[in-house]
Amino acid sequence: MIAQIKTLLSYPLININDRTITVIEVLAIPVWLIISLWCVHFCISKLGVRLRNQNKDPNIIHLIQRILYVVALGVIFITTLSMLSVPITAFAFLSGAIAIGFGFGAQNIINNFISGWILMGEKPIRIGDFLEVEGVKGIVEEINTRSTRVRRVDGVHMLIPNSKLLENTVINWTLRDKLIRGTVLVGVAYGSDCQKVKQIMLEVANAQQETLAESGKEPQVFFQDFGDNALMFEVYFWINSQVEGGLRFVASNIRFELDKCFNDSDIVVAYPQRDIHLDGTLNVITKRV
């Protein structure tokens with residue numbers, strides 16, 4: 001039985017340049033590729049898990065994994081050529097043709113590929129950053145060699161080409177820190193006690209757990225304008241938040257508390273009003289014939 005298997009595996013299939021290719025050589029290549037690719041993926045994944053358990057920067061981990069993948073694929077490719085007894089110099093002409101083809105037909109792909117490595121190396125955008133791109137906001141989940149995956153605030157995943165993140169204006173809310181400033185605007189009726197309004201707004205803003213109280217970041221109230229229908233006040237506050245939803249949550253809580261406190265203090269939140277004056281005098285013109 002074993003002898004028959006050896007005979008079958010040694011069966012010649014084709015001759016290339018006076019070299020006989022047997023069945024075992026044909027089967028060895030796909031087996032080698034499957035095993036080697038699986039081992040590379042397994043080892044690099046395990047390395048990533050170990051680095052994450054050590055609380056390493058996820059951007060550095062991602063960059064290391066990408067570099068190891070490229071190096072491993074290069075080694076596998078060269079080893080496969082060696083198993084096939086194909087000299088690398090045989091690809092000199094082919095590589096030139098491929099380079100010309102890439103130059104004309106794959107400009108966007110190469111542009112995005114290079115942009116991806118720039119993003120991972122320079123790190124103007126990192127995993128976990130909160131971005132605003134062309135009015136769309138979301139959190140960066142993964143930076144790949146061609147595109148960056150962003151999870152929008154509504155839960156939808158969006159793939160953005162890497163070159164677009166470098167060539168266009170991108171707002172990174174968390175580039176240097178997680179500090180975000182929010183505002184709440186309110187208009188009160190004319191005749192209201194302005195100092196009382198300011199006091200209430202400061203107390204409500206400072207009462208929120210999320211608002212910062214350190215020097216330079218403490219809540220402040222500004223008397224913005226004498227509006228058409230109201231006295232306009234605005235409170236500024238800073239919070240530490242990874243996403244925009246945290247800012248909306250705090251602003252909503254402040255509005256709820258302001259409504260309650262204003263009602264308790266008999267301060268009326270103004271609404272648009274129009275005064276109409278009617279002239280009761282009716283002039284009648286009599287025409288004689």
# chains A, B, ... in the order shown; residues from 1 in each chain; ligands from 1
>>> residues_around(residues="A:Arg146", least_positions_apart="5", cutoff="8 Å", atoms="only C-alpha atoms", output="number ranges by chain")
A: 109, 112-113, 115-116, 161-162
>>> closest_residue(among="A:Asn253, A:Asn168, A:Asn144, A:Gln220", to="A:Arg66", atoms="only C-alpha atoms")
A:Asn144
>>> residues_around(residues="A:Leu73", least_positions_apart="3", cutoff="12 Å", atoms="only C-alpha atoms", output="PyMOL selection string")
chain A and resi 33+36-41+66-70+76-80
>>> write_last_selection(atoms="N, CA and C atoms", output="tab-separated table (two decimals), in the first residue's frame")
chain	number	residue	atom	x	y	z
A	33	LEU	N	1.34	26.55	1.04
A	33	LEU	CA	0.74	27.87	1.11
A	33	LEU	C	-0.33	27.92	2.20
A	36	SER	N	1.43	27.61	5.73
A	36	SER	CA	2.25	28.79	6.06
A	36	SER	C	1.38	30.02	6.32
A	37	LEU	N	0.36	30.24	5.49
A	37	LEU	CA	-0.52	31.38	5.70
A	37	LEU	C	-1.29	31.26	7.01
A	38	TRP	N	-1.73	30.05	7.33
A	38	TRP	CA	-2.44	29.85	8.59
A	38	TRP	C	-1.52	30.10	9.78
A	39	CYS	N	-0.28	29.61	9.70
A	39	CYS	CA	0.67	29.82	10.79
A	39	CYS	C	0.99	31.30	10.98
A	40	VAL	N	1.14	32.02	9.86
A	40	VAL	CA	1.42	33.46	9.94
A	40	VAL	C	0.27	34.18	10.61
A	41	HIS	N	-0.96	33.89	10.16
A	41	HIS	CA	-2.13	34.55	10.75
A	41	HIS	C	-2.27	34.20	12.23
A	66	ARG	N	0.78	44.85	10.66
A	66	ARG	CA	0.82	45.07	9.21
A	66	ARG	C	2.22	44.82	8.66
A	67	ILE	N	3.24	45.30	9.35
A	67	ILE	CA	4.62	45.10	8.88
A	67	ILE	C	4.96	43.61	8.87
A	68	LEU	N	4.58	42.89	9.92
A	68	LEU	CA	4.87	41.46	9.98
A	68	LEU	C	4.14	40.70	8.88
A	69	TYR	N	2.90	41.09	8.57
A	69	TYR	CA	2.17	40.45	7.48
A	69	TYR	C	2.90	40.63	6.15
A	70	VAL	N	3.37	41.85	5.86
A	70	VAL	CA	4.05	42.11	4.59
A	70	VAL	C	5.35	41.31	4.50
A	76	ILE	N	7.15	33.96	2.23
A	76	ILE	CA	6.39	32.84	1.66
A	76	ILE	C	6.50	32.83	0.14
A	77	PHE	N	6.43	34.01	-0.48
A	77	PHE	CA	6.52	34.09	-1.94
A	77	PHE	C	7.88	33.61	-2.43
A	78	ILE	N	8.96	34.08	-1.79
A	78	ILE	CA	10.31	33.67	-2.22
A	78	ILE	C	10.52	32.18	-1.99
A	79	THR	N	10.03	31.65	-0.87
A	79	THR	CA	10.16	30.21	-0.58
A	79	THR	C	9.40	29.38	-1.60
A	80	THR	N	8.22	29.84	-1.98
A	80	THR	CA	7.44	29.11	-2.99
A	80	THR	C	8.17	29.06	-4.32
>>> atom_distance(atom1="atom CA of A:His157", atom2="atom CA of A:Arg248")
21.2 Å
>>> residues_around(residues="stretch 60-65 of chain A", least_positions_apart="5", cutoff="7 Å", atoms="only C-alpha atoms", output="PyMOL selection string")
chain A and resi 44+48+51+120
>>> residues_around(residues="A:Leu212", least_positions_apart="4", cutoff="7 Å", atoms="only C-alpha atoms", output="list of chain:residue names")
A:Lys217, A:Glu218, A:Trp238, A:Ile239
>>> write_last_selection(atoms="all heavy atoms", output="mmCIF file, in the first residue's frame")
data_model
loop_
_atom_site.group_PDB
_atom_site.id
_atom_site.type_symbol
_atom_site.label_atom_id
_atom_site.label_comp_id
_atom_site.auth_asym_id
_atom_site.auth_seq_id
_atom_site.Cartn_x
_atom_site.Cartn_y
_atom_site.Cartn_z
ATOM 1 N N LYS A 217 -11.419 75.931 32.484
ATOM 2 C CA LYS A 217 -12.394 75.019 31.890
ATOM 3 C C LYS A 217 -13.720 75.031 32.653
ATOM 4 O O LYS A 217 -14.616 74.257 32.331
ATOM 5 C CB LYS A 217 -11.844 73.587 31.882
ATOM 6 C CG LYS A 217 -10.583 73.419 31.042
ATOM 7 C CD LYS A 217 -10.873 73.604 29.577
ATOM 8 C CE LYS A 217 -9.652 73.281 28.714
ATOM 9 N NZ LYS A 217 -8.520 74.184 28.961
ATOM 10 N N GLU A 218 -13.837 75.893 33.656
ATOM 11 C CA GLU A 218 -15.062 75.938 34.446
ATOM 12 C C GLU A 218 -16.197 76.560 33.612
ATOM 13 O O GLU A 218 -15.945 77.347 32.688
ATOM 14 C CB GLU A 218 -14.854 76.743 35.729
ATOM 15 C CG GLU A 218 -14.676 78.233 35.512
ATOM 16 C CD GLU A 218 -13.260 78.622 35.184
ATOM 17 O OE1 GLU A 218 -12.433 77.689 35.009
ATOM 18 O OE2 GLU A 218 -12.971 79.837 35.085
ATOM 19 N N TRP A 238 -17.024 72.544 29.571
ATOM 20 C CA TRP A 238 -16.095 71.568 28.996
ATOM 21 C C TRP A 238 -16.327 70.208 29.650
ATOM 22 O O TRP A 238 -16.614 70.134 30.845
ATOM 23 C CB TRP A 238 -14.646 71.984 29.241
ATOM 24 C CG TRP A 238 -14.206 73.166 28.435
ATOM 25 C CD1 TRP A 238 -14.383 74.486 28.759
ATOM 26 C CD2 TRP A 238 -13.514 73.153 27.187
ATOM 27 N NE1 TRP A 238 -13.848 75.299 27.791
ATOM 28 C CE2 TRP A 238 -13.307 74.503 26.812
ATOM 29 C CE3 TRP A 238 -13.046 72.141 26.356
ATOM 30 C CZ2 TRP A 238 -12.642 74.852 25.647
ATOM 31 C CZ3 TRP A 238 -12.391 72.488 25.184
ATOM 32 C CH2 TRP A 238 -12.190 73.833 24.835
ATOM 33 N N ILE A 239 -16.184 69.146 28.854
ATOM 34 C CA ILE A 239 -16.294 67.789 29.381
ATOM 35 C C ILE A 239 -15.198 66.926 28.762
ATOM 36 O O ILE A 239 -14.589 67.298 27.751
ATOM 37 C CB ILE A 239 -17.677 67.150 29.092
ATOM 38 C CG1 ILE A 239 -17.874 66.962 27.577
ATOM 39 C CG2 ILE A 239 -18.796 67.978 29.685
ATOM 40 C CD1 ILE A 239 -19.099 66.147 27.224
#
>>> atom_distance(atom1="atom CA of A:Ala72", atom2="atom CA of A:Ile34")
13.3 Å
>>> select_by_dssp(residues="stretch 62-286 of chain A", states="strand (DSSP E or B)", output="number ranges by chain")
A: 130-133, 136-143, 147-152, 157-161, 170-172, 179-188, 211, 220-226, 231-240, 269
>>> atom_distance(atom1="atom CA of A:Tyr236", atom2="atom CA of A:Thr183")
4.6 Å
>>> closest_residue(among="A:Ala251, A:Ala207, A:Leu165, A:Val184", to="A:Val221", atoms="only C-alpha atoms")
A:Val184
>>> closest_residue(among="A:Thr211, A:Gly246, A:Tyr190, A:Arg181", to="A:Ala270", atoms="only C-alpha atoms")
A:Tyr190
